[in-house]
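Asks: What follows is input.cif; its format and atoms are mmCIF, N, CA and C atoms and all ligand atoms.
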```cif
data_start
#
loop_
_atom_site.group_PDB
_atom_site.id
_atom_site.type_symbol
_atom_site.label_atom_id
_atom_site.label_comp_id
_atom_site.auth_asym_id
_atom_site.auth_seq_id
_atom_site.Cartn_x
_atom_site.Cartn_y
_atom_site.Cartn_z
ATOM 1 N N MET N 1 -21.683 15.245 26.762
ATOM 2 C CA MET N 1 -22.133 14.221 25.830
ATOM 3 C C MET N 1 -21.543 14.483 24.437
ATOM 4 N N LYS N 2 -20.988 13.449 23.820
ATOM 5 C CA LYS N 2 -20.369 13.606 22.503
ATOM 6 C C LYS N 2 -21.394 13.398 21.404
ATOM 7 N N SER N 3 -21.313 14.215 20.397
ATOM 8 C CA SER N 3 -22.195 14.044 19.253
ATOM 9 C C SER N 3 -21.522 13.121 18.237
ATOM 10 N N VAL N 4 -22.254 12.750 17.198
ATOM 11 C CA VAL N 4 -21.705 11.921 16.126
ATOM 12 C C VAL N 4 -20.527 12.629 15.473
ATOM 13 N N ASN N 5 -20.645 13.967 15.323
ATOM 14 C CA ASN N 5 -19.559 14.725 14.707
ATOM 15 C C ASN N 5 -18.280 14.645 15.526
ATOM 16 N N ASP N 6 -18.418 14.682 16.865
ATOM 17 C CA ASP N 6 -17.232 14.566 17.714
ATOM 18 C C ASP N 6 -16.536 13.234 17.462
ATOM 19 N N ARG N 7 -17.334 12.180 17.343
ATOM 20 C CA ARG N 7 -16.765 10.847 17.148
ATOM 21 C C ARG N 7 -16.019 10.761 15.808
ATOM 22 N N SER N 8 -16.626 11.318 14.746
ATOM 23 C CA SER N 8 -15.941 11.226 13.459
ATOM 24 C C SER N 8 -14.657 12.048 13.466
ATOM 25 N N THR N 9 -14.641 13.157 14.201
ATOM 26 C CA THR N 9 -13.414 13.939 14.316
ATOM 27 C C THR N 9 -12.334 13.122 15.001
ATOM 28 N N CYS N 10 -12.738 12.385 16.065
ATOM 29 C CA CYS N 10 -11.769 11.545 16.781
ATOM 30 C C CYS N 10 -11.215 10.474 15.855
ATOM 31 N N LEU N 11 -12.083 9.845 15.080
ATOM 32 C CA LEU N 11 -11.634 8.794 14.169
ATOM 33 C C LEU N 11 -10.662 9.345 13.147
ATOM 34 N N LYS N 12 -11.005 10.519 12.583
ATOM 35 C CA LYS N 12 -10.126 11.110 11.576
ATOM 36 C C LYS N 12 -8.767 11.416 12.164
ATOM 37 N N SER N 13 -8.730 11.963 13.391
ATOM 38 C CA SER N 13 -7.438 12.315 13.948
ATOM 39 C C SER N 13 -6.648 11.061 14.297
ATOM 40 N N ALA N 14 -7.325 9.990 14.717
ATOM 41 C CA ALA N 14 -6.613 8.739 15.000
ATOM 42 C C ALA N 14 -6.026 8.168 13.719
ATOM 43 N N GLN N 15 -6.790 8.242 12.615
ATOM 44 C CA GLN N 15 -6.300 7.701 11.354
ATOM 45 C C GLN N 15 -5.125 8.521 10.819
ATOM 46 N N SER N 16 -5.220 9.840 10.932
ATOM 47 C CA SER N 16 -4.164 10.662 10.370
ATOM 48 C C SER N 16 -2.884 10.566 11.200
ATOM 49 N N SER N 17 -3.002 10.165 12.490
ATOM 50 C CA SER N 17 -1.801 10.053 13.304
ATOM 51 C C SER N 17 -1.062 8.736 13.051
ATOM 52 N N GLU N 18 -1.720 7.782 12.341
ATOM 53 C CA GLU N 18 -1.041 6.529 12.018
ATOM 54 C C GLU N 18 0.020 6.800 10.960
ATOM 55 N N LYS N 19 1.221 6.342 11.227
ATOM 56 C CA LYS N 19 2.300 6.540 10.263
ATOM 57 C C LYS N 19 2.315 5.389 9.276
ATOM 58 N N THR N 20 2.708 5.707 8.062
ATOM 59 C CA THR N 20 2.857 4.668 7.048
ATOM 60 C C THR N 20 4.147 3.915 7.326
ATOM 61 N N PRO N 21 4.068 2.605 7.565
ATOM 62 C CA PRO N 21 5.299 1.849 7.786
ATOM 63 C C PRO N 21 6.194 1.892 6.548
ATOM 64 N N MET N 22 7.481 2.019 6.764
ATOM 65 C CA MET N 22 8.437 2.036 5.660
ATOM 66 C C MET N 22 9.237 0.728 5.669
ATOM 67 N N ILE N 23 9.404 0.178 4.479
ATOM 68 C CA ILE N 23 10.169 -1.048 4.317
ATOM 69 C C ILE N 23 11.533 -0.668 3.762
ATOM 70 N N ASN N 24 12.572 -0.940 4.513
ATOM 71 C CA ASN N 24 13.922 -0.656 4.041
ATOM 72 C C ASN N 24 14.531 -1.940 3.515
ATOM 73 N N ILE N 25 14.918 -1.901 2.254
ATOM 74 C CA ILE N 25 15.499 -3.096 1.649
ATOM 75 C C ILE N 25 16.568 -2.696 0.657
ATOM 76 N N GLU N 26 17.753 -3.154 0.910
ATOM 77 C CA GLU N 26 18.894 -2.867 0.042
ATOM 78 C C GLU N 26 19.016 -1.371 -0.270
ATOM 79 N N GLY N 27 18.874 -0.557 0.751
ATOM 80 C CA GLY N 27 19.039 0.881 0.605
ATOM 81 C C GLY N 27 17.831 1.598 0.023
ATOM 82 N N LYS N 28 16.794 0.837 -0.297
ATOM 83 C CA LYS N 28 15.579 1.405 -0.881
ATOM 84 C C LYS N 28 14.520 1.515 0.228
ATOM 85 N N SER N 29 13.744 2.588 0.232
ATOM 86 C CA SER N 29 12.666 2.751 1.207
ATOM 87 C C SER N 29 11.326 2.694 0.489
ATOM 88 N N ILE N 30 10.489 1.773 0.933
ATOM 89 C CA ILE N 30 9.200 1.547 0.274
ATOM 90 C C ILE N 30 8.083 1.718 1.300
ATOM 91 N N PRO N 31 7.063 2.515 0.985
ATOM 92 C CA PRO N 31 5.954 2.649 1.934
ATOM 93 C C PRO N 31 5.016 1.442 1.865
ATOM 94 N N PHE N 32 4.551 0.992 3.021
ATOM 95 C CA PHE N 32 3.555 -0.081 3.065
ATOM 96 C C PHE N 32 2.191 0.553 3.290
ATOM 97 N N HIS N 33 1.289 0.362 2.323
ATOM 98 C CA HIS N 33 -0.063 0.898 2.457
ATOM 99 C C HIS N 33 -1.022 -0.237 2.797
ATOM 100 N N LYS N 34 -2.043 0.086 3.567
ATOM 101 C CA LYS N 34 -2.988 -0.954 4.004
ATOM 102 C C LYS N 34 -3.583 -1.730 2.840
ATOM 103 N N ASP N 35 -3.789 -1.071 1.715
ATOM 104 C CA ASP N 35 -4.391 -1.789 0.592
ATOM 105 C C ASP N 35 -3.404 -2.747 -0.084
ATOM 106 N N ASP N 36 -2.134 -2.737 0.343
ATOM 107 C CA ASP N 36 -1.194 -3.750 -0.137
ATOM 108 C C ASP N 36 -1.577 -5.128 0.416
ATOM 109 N N LYS N 37 -2.221 -5.128 1.563
ATOM 110 C CA LYS N 37 -2.692 -6.345 2.248
ATOM 111 C C LYS N 37 -1.581 -7.246 2.782
ATOM 112 N N THR N 38 -0.525 -7.491 2.011
ATOM 113 C CA THR N 38 0.596 -8.285 2.533
ATOM 114 C C THR N 38 1.897 -7.593 2.166
ATOM 115 N N LEU N 39 2.933 -7.957 2.895
ATOM 116 C CA LEU N 39 4.255 -7.403 2.602
ATOM 117 C C LEU N 39 4.718 -7.828 1.212
ATOM 118 N N LEU N 40 4.382 -9.042 0.798
ATOM 119 C CA LEU N 40 4.776 -9.509 -0.538
ATOM 120 C C LEU N 40 4.149 -8.631 -1.627
ATOM 121 N N ASN N 41 2.877 -8.321 -1.502
ATOM 122 C CA ASN N 41 2.219 -7.446 -2.491
ATOM 123 C C ASN N 41 2.927 -6.095 -2.564
ATOM 124 N N CYS N 42 3.281 -5.570 -1.407
ATOM 125 C CA CYS N 42 3.956 -4.275 -1.345
ATOM 126 C C CYS N 42 5.307 -4.338 -2.062
ATOM 127 N N LEU N 43 6.070 -5.402 -1.814
ATOM 128 C CA LEU N 43 7.385 -5.539 -2.447
ATOM 129 C C LEU N 43 7.244 -5.689 -3.957
ATOM 130 N N GLU N 44 6.286 -6.487 -4.375
ATOM 131 C CA GLU N 44 6.072 -6.691 -5.814
ATOM 132 C C GLU N 44 5.685 -5.388 -6.499
ATOM 133 N N LYS N 45 4.830 -4.633 -5.839
ATOM 134 C CA LYS N 45 4.383 -3.359 -6.403
ATOM 135 C C LYS N 45 5.564 -2.423 -6.642
ATOM 136 N N SER N 46 6.592 -2.579 -5.824
ATOM 137 C CA SER N 46 7.779 -1.731 -5.937
ATOM 138 C C SER N 46 8.896 -2.408 -6.720
ATOM 139 N N ASP N 47 8.553 -3.469 -7.453
ATOM 140 C CA ASP N 47 9.522 -4.185 -8.298
ATOM 141 C C ASP N 47 10.665 -4.820 -7.517
ATOM 142 N N VAL N 48 10.415 -5.204 -6.278
ATOM 143 C CA VAL N 48 11.406 -5.965 -5.517
ATOM 144 C C VAL N 48 11.092 -7.437 -5.764
ATOM 145 N N GLU N 49 12.094 -8.159 -6.266
ATOM 146 C CA GLU N 49 11.855 -9.555 -6.636
ATOM 147 C C GLU N 49 11.955 -10.467 -5.415
ATOM 148 N N VAL N 50 10.876 -11.173 -5.130
ATOM 149 C CA VAL N 50 10.842 -12.147 -4.039
ATOM 150 C C VAL N 50 10.279 -13.435 -4.625
ATOM 151 N N HIS N 51 10.953 -14.569 -4.348
ATOM 152 C CA HIS N 51 10.423 -15.847 -4.803
ATOM 153 C C HIS N 51 9.167 -16.169 -4.005
ATOM 154 N N TYR N 52 8.233 -16.817 -4.623
ATOM 155 C CA TYR N 52 7.027 -17.233 -3.907
ATOM 156 C C TYR N 52 6.424 -18.429 -4.628
ATOM 157 N N HIS N 53 5.527 -19.089 -3.957
ATOM 158 C CA HIS N 53 4.794 -20.186 -4.581
ATOM 159 C C HIS N 53 3.337 -20.138 -4.139
ATOM 160 N N CYS N 54 3.067 -20.502 -2.899
ATOM 161 C CA CYS N 54 1.667 -20.622 -2.463
ATOM 162 C C CYS N 54 0.994 -19.282 -2.145
ATOM 163 N N ARG N 55 1.768 -18.321 -1.713
ATOM 164 C CA ARG N 55 1.269 -17.008 -1.269
ATOM 165 C C ARG N 55 0.312 -17.134 -0.095
ATOM 166 N N ASP N 56 0.470 -18.190 0.696
ATOM 167 C CA ASP N 56 -0.469 -18.394 1.804
ATOM 168 C C ASP N 56 0.177 -18.981 3.061
ATOM 169 N N GLY N 57 1.496 -18.906 3.158
ATOM 170 C CA GLY N 57 2.161 -19.362 4.383
ATOM 171 C C GLY N 57 2.384 -20.859 4.488
ATOM 172 N N PHE N 58 2.235 -21.608 3.395
ATOM 173 C CA PHE N 58 2.398 -23.062 3.463
ATOM 174 C C PHE N 58 3.771 -23.538 2.997
ATOM 175 N N CYS N 59 4.314 -22.935 1.938
ATOM 176 C CA CYS N 59 5.506 -23.513 1.305
ATOM 177 C C CYS N 59 6.825 -22.965 1.842
ATOM 178 N N GLY N 60 6.857 -21.743 2.300
ATOM 179 C CA GLY N 60 8.102 -21.148 2.803
ATOM 180 C C GLY N 60 8.984 -20.558 1.716
ATOM 181 N N ALA N 61 8.558 -20.616 0.467
ATOM 182 C CA ALA N 61 9.391 -20.142 -0.645
ATOM 183 C C ALA N 61 9.701 -18.647 -0.564
ATOM 184 N N CYS N 62 8.867 -17.896 0.081
ATOM 185 C CA CYS N 62 9.028 -16.442 0.087
ATOM 186 C C CYS N 62 9.886 -15.932 1.246
ATOM 187 N N ARG N 63 10.421 -16.818 2.078
ATOM 188 C CA ARG N 63 11.063 -16.347 3.313
ATOM 189 C C ARG N 63 12.200 -15.368 3.055
ATOM 190 N N VAL N 64 12.222 -14.339 3.896
ATOM 191 C CA VAL N 64 13.264 -13.305 3.862
ATOM 192 C C VAL N 64 13.710 -13.068 5.301
ATOM 193 N N THR N 65 14.812 -12.360 5.450
ATOM 194 C CA THR N 65 15.336 -12.083 6.795
ATOM 195 C C THR N 65 14.878 -10.706 7.267
ATOM 196 N N LEU N 66 14.326 -10.700 8.458
ATOM 197 C CA LEU N 66 13.917 -9.440 9.093
ATOM 198 C C LEU N 66 15.073 -8.970 9.964
ATOM 199 N N VAL N 67 15.677 -7.847 9.586
ATOM 200 C CA VAL N 67 16.847 -7.326 10.295
ATOM 201 C C VAL N 67 16.434 -6.392 11.427
ATOM 202 N N GLU N 68 15.410 -5.580 11.168
ATOM 203 C CA GLU N 68 14.926 -4.630 12.171
ATOM 204 C C GLU N 68 13.414 -4.534 12.085
ATOM 205 N N GLY N 69 12.788 -4.225 13.212
ATOM 206 C CA GLY N 69 11.364 -3.993 13.241
ATOM 207 C C GLY N 69 10.568 -5.248 13.532
ATOM 208 N N GLU N 70 9.260 -5.098 13.477
ATOM 209 C CA GLU N 70 8.366 -6.211 13.786
ATOM 210 C C GLU N 70 7.280 -6.335 12.733
ATOM 211 N N ILE N 71 6.843 -7.569 12.553
ATOM 212 C CA ILE N 71 5.739 -7.852 11.636
ATOM 213 C C ILE N 71 4.715 -8.676 12.408
ATOM 214 N N TYR N 72 3.551 -8.862 11.843
ATOM 215 C CA TYR N 72 2.634 -9.840 12.415
ATOM 216 C C TYR N 72 1.860 -10.534 11.312
ATOM 217 N N TYR N 73 1.325 -11.673 11.666
ATOM 218 C CA TYR N 73 0.576 -12.497 10.718
ATOM 219 C C TYR N 73 -0.910 -12.338 11.039
ATOM 220 N N PRO N 74 -1.638 -11.526 10.259
ATOM 221 C CA PRO N 74 -3.041 -11.243 10.582
ATOM 222 C C PRO N 74 -3.949 -12.473 10.579
ATOM 223 N N ASN N 75 -3.576 -13.518 9.833
ATOM 224 C CA ASN N 75 -4.407 -14.723 9.800
ATOM 225 C C ASN N 75 -3.845 -15.838 10.672
ATOM 226 N N GLY N 76 -2.980 -15.486 11.607
ATOM 227 C CA GLY N 76 -2.388 -16.479 12.497
ATOM 228 C C GLY N 76 -1.035 -16.941 11.990
ATOM 229 N N GLU N 77 -0.306 -17.656 12.821
ATOM 230 C CA GLU N 77 1.027 -18.132 12.471
ATOM 231 C C GLU N 77 0.965 -19.035 11.234
ATOM 232 N N PRO N 78 1.868 -18.830 10.284
ATOM 233 C CA PRO N 78 1.878 -19.671 9.069
ATOM 234 C C PRO N 78 2.368 -21.084 9.379
ATOM 235 N N LEU N 79 2.062 -22.028 8.504
ATOM 236 C CA LEU N 79 2.457 -23.418 8.712
ATOM 237 C C LEU N 79 3.885 -23.694 8.261
ATOM 238 N N ALA N 80 4.402 -22.927 7.300
ATOM 239 C CA ALA N 80 5.750 -23.167 6.780
ATOM 240 C C ALA N 80 6.800 -22.926 7.854
ATOM 241 N N PHE N 81 7.899 -23.676 7.752
ATOM 242 C CA PHE N 81 9.020 -23.493 8.669
ATOM 243 C C PHE N 81 9.703 -22.161 8.388
ATOM 244 N N VAL N 82 9.989 -21.418 9.439
ATOM 245 C CA VAL N 82 10.817 -20.215 9.302
ATOM 246 C C VAL N 82 11.904 -20.280 10.355
ATOM 247 N N GLY N 83 13.116 -19.964 9.941
ATOM 248 C CA GLY N 83 14.245 -19.974 10.863
ATOM 249 C C GLY N 83 14.262 -18.707 11.709
ATOM 250 N N GLU N 84 15.219 -18.665 12.625
ATOM 251 C CA GLU N 84 15.405 -17.507 13.498
ATOM 252 C C GLU N 84 15.599 -16.245 12.640
ATOM 253 N N GLY N 85 14.805 -15.228 12.873
ATOM 254 C CA GLY N 85 14.951 -13.966 12.147
ATOM 255 C C GLY N 85 14.306 -13.951 10.770
ATOM 256 N N GLU N 86 13.714 -15.059 10.379
ATOM 257 C CA GLU N 86 13.081 -15.093 9.057
ATOM 258 C C GLU N 86 11.574 -14.838 9.167
ATOM 259 N N ILE N 87 11.022 -14.289 8.088
ATOM 260 C CA ILE N 87 9.577 -14.050 8.020
ATOM 261 C C ILE N 87 9.060 -14.468 6.650
ATOM 262 N N LEU N 88 7.759 -14.589 6.566
ATOM 263 C CA LEU N 88 7.110 -14.942 5.295
ATOM 264 C C LEU N 88 6.297 -13.739 4.816
ATOM 265 N N PRO N 89 6.840 -12.979 3.862
ATOM 266 C CA PRO N 89 6.149 -11.766 3.417
ATOM 267 C C PRO N 89 4.787 -12.005 2.760
ATOM 268 N N CYS N 90 4.516 -13.225 2.299
ATOM 269 C CA CYS N 90 3.234 -13.474 1.631
ATOM 270 C C CYS N 90 2.045 -13.383 2.577
ATOM 271 N N CYS N 91 2.307 -13.486 3.872
ATOM 272 C CA CYS N 91 1.165 -13.503 4.792
ATOM 273 C C CYS N 91 1.387 -12.630 6.021
ATOM 274 N N CYS N 92 2.317 -11.688 5.936
ATOM 275 C CA CYS N 92 2.524 -10.805 7.086
ATOM 276 C C CYS N 92 2.399 -9.351 6.669
ATOM 277 N N ILE N 93 2.252 -8.519 7.679
ATOM 278 C CA ILE N 93 2.266 -7.077 7.461
ATOM 279 C C ILE N 93 3.168 -6.437 8.519
ATOM 280 N N PRO N 94 3.811 -5.325 8.170
ATOM 281 C CA PRO N 94 4.729 -4.699 9.126
ATOM 282 C C PRO N 94 3.987 -3.943 10.229
ATOM 283 N N GLN N 95 4.581 -3.947 11.411
ATOM 284 C CA GLN N 95 4.060 -3.150 12.526
ATOM 285 C C GLN N 95 5.014 -1.986 12.719
ATOM 286 N N GLY N 96 5.033 -1.051 11.820
ATOM 287 C CA GLY N 96 5.997 0.039 11.868
ATOM 288 C C GLY N 96 7.094 -0.214 10.855
ATOM 289 N N ASN N 97 8.153 0.566 10.953
ATOM 290 C CA ASN N 97 9.246 0.461 9.985
ATOM 291 C C ASN N 97 9.994 -0.855 10.167
ATOM 292 N N ILE N 98 10.390 -1.452 9.043
ATOM 293 C CA ILE N 98 11.163 -2.683 9.107
ATOM 294 C C ILE N 98 12.307 -2.623 8.109
ATOM 295 N N LYS N 99 13.283 -3.495 8.333
ATOM 296 C CA LYS N 99 14.419 -3.608 7.410
ATOM 297 C C LYS N 99 14.557 -5.083 7.051
ATOM 298 N N LEU N 100 14.705 -5.350 5.752
ATOM 299 C CA LEU N 100 14.748 -6.734 5.263
ATOM 300 C C LEU N 100 16.010 -7.011 4.475
ATOM 301 N N ILE N 101 16.389 -8.286 4.455
ATOM 302 C CA ILE N 101 17.409 -8.776 3.527
ATOM 303 C C ILE N 101 16.771 -9.892 2.734
ATOM 304 N N ILE N 102 16.871 -9.799 1.414
ATOM 305 C CA ILE N 102 16.365 -10.862 0.545
ATOM 306 C C ILE N 102 17.562 -11.533 -0.097
ATOM 307 N N GLU N 103 17.664 -12.843 0.091
ATOM 308 C CA GLU N 103 18.817 -13.575 -0.476
ATOM 309 C C GLU N 103 18.418 -14.374 -1.668
HETATM 310 S S1 LIG H 201 4.760 -18.068 -0.840
HETATM 311 FE FE1 LIG H 201 4.458 -19.908 0.225
HETATM 312 S S2 LIG H 201 4.870 -19.371 2.275
HETATM 313 FE FE2 LIG H 201 5.011 -17.489 1.221
#
```
How does the structure come out when it is put into structure tokens?
Replies:
Amino acid sequence: MKSVNDRSTCLKSAQSSEKTPMINIEGKSIPFHKDDKTLLNCLEKSDVEVHYHCRDGFCGACRVTLVEGEIYYPNGEPLAFVGEGEILPCCCIPQGNIKLIIE
């Protein structure tokens, strides 16, 4: 039978084994922290300039090209049009390391 302490130990080890996703952009490596909440917030915090307008997946102004890795949209697929290989950083978060091109 597991005690409460056993459970908290398991949680701590699961949390510490999670790797911080790294965002590679133009030769720069930026860590994505959960409190960034979105990829756009993370990029802005690191002084990477990304155009944006709605910050909610409606306008498409923030679209960038995802070269490597995977992202997901925690609030569901955005409404804005995105082309093949493009993502909307205002409403996505990385699932591991990713590489981006911002045009
Ligand atoms: S800022 Fe509008 S879709 Fe990202």
Asks: Applied to this file, what does the PyMOL selection byres (((not hetatm) and name CA) within 12 of (chain H and resi 201)) return in terms of residues, put as a ChimeraX atom specification?
Replies: /N:38-41,50-64,73,77-82,86-92
Asks: Which one is closest to Ile98 of chain N: N:Ser29, N:Thr20, N:Asp36, N:Gly69? Count only N, CA and C atoms.
Replies: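 Of N:Ser29, N:Thr20, N:Asp36, N:Gly69, the one nearest Ile98 of chain N, counting only N, CA and C atoms, is N:Gly69.
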Asks: Measure the distance from atom C of Glu70 of chain N to atom C of Ile93 of chain N in Å and round it to one decimal.
Replies: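 Atom-to-atom, atom C of Glu70 of chain N and atom C of Ile93 of chain N are spaced 5.9 Å apart.
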Asks: Of the candidates N:Pro94, N:Asn75, N:Leu100, N:Gly83, which one gets nearest to Pro21 of chain N if we count all atoms listed in the file?
Replies: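 Closest to Pro21 of chain N of all the choices is N:Pro94.
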Asks: Atom N of Gly76 of chain N and atom C of Lys28 of chain N, how far apart in Å?
Replies: 26.9 Å
Asks: So how many Å separate atom CA of Gly96 of chain N and atom CA of Val67 of chain N, to one decimal?
Replies: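 Separating atom CA of Gly96 of chain N from atom CA of Val67 of chain N is a distance of 13.2 Å.
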Asks: Once DSSP has gone over the backbone, tell me which residues of chain N are in strand (DSSP E or B), as a list in words.
Replies: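 After running DSSP on the backbone, chain N has strand (DSSP E or B) at Met22, Ile23, Asn24, Ile25, Lys28, Ser29, Ile30, Pro31, Val64, Thr65, Leu66, Val67, Glu68, Ile71, Tyr72, Glu86, Ile87, Ile93, Pro94, Ile98, Lys99, Leu100 and Ile101 of chain N.
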Asks: Using only C-alpha atoms for the distances, tell me which of N:Glu84, N:Glu103, N:Glu68, N:Glu18 is nearest to Lys34 of chain N.
Replies: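 The closest residue to Lys34 of chain N is N:Glu18.
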Asks: Box along x, y and z, 3 Å on every side, all listed atoms of segment 17-35 of chain N inside: centre and edge lengths in Å to one decimal, as lines of an AutoDock Vina configuration file.
Replies:
```
center_x = 7.3
center_y = 3.5
center_z = 6.2
size_x = 29.4
size_y = 19.3
size_z = 20.2
```
Asks: Report as a list in words: the residues of chain N with a DSSP assignment of alpha helix (DSSP H), based on the backbone of this structure.
Replies: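 Selecting the alpha helix (DSSP H) positions of chain N gives Val4, Asn5, Asp6, Arg7, Ser8, Thr9, Cys10, Leu11, Lys12, Ser13, Ala14, Gln15, Ser16, Ser17, Leu39, Leu40, Asn41, Cys42, Leu43, Glu44 and Lys45 of chain N.
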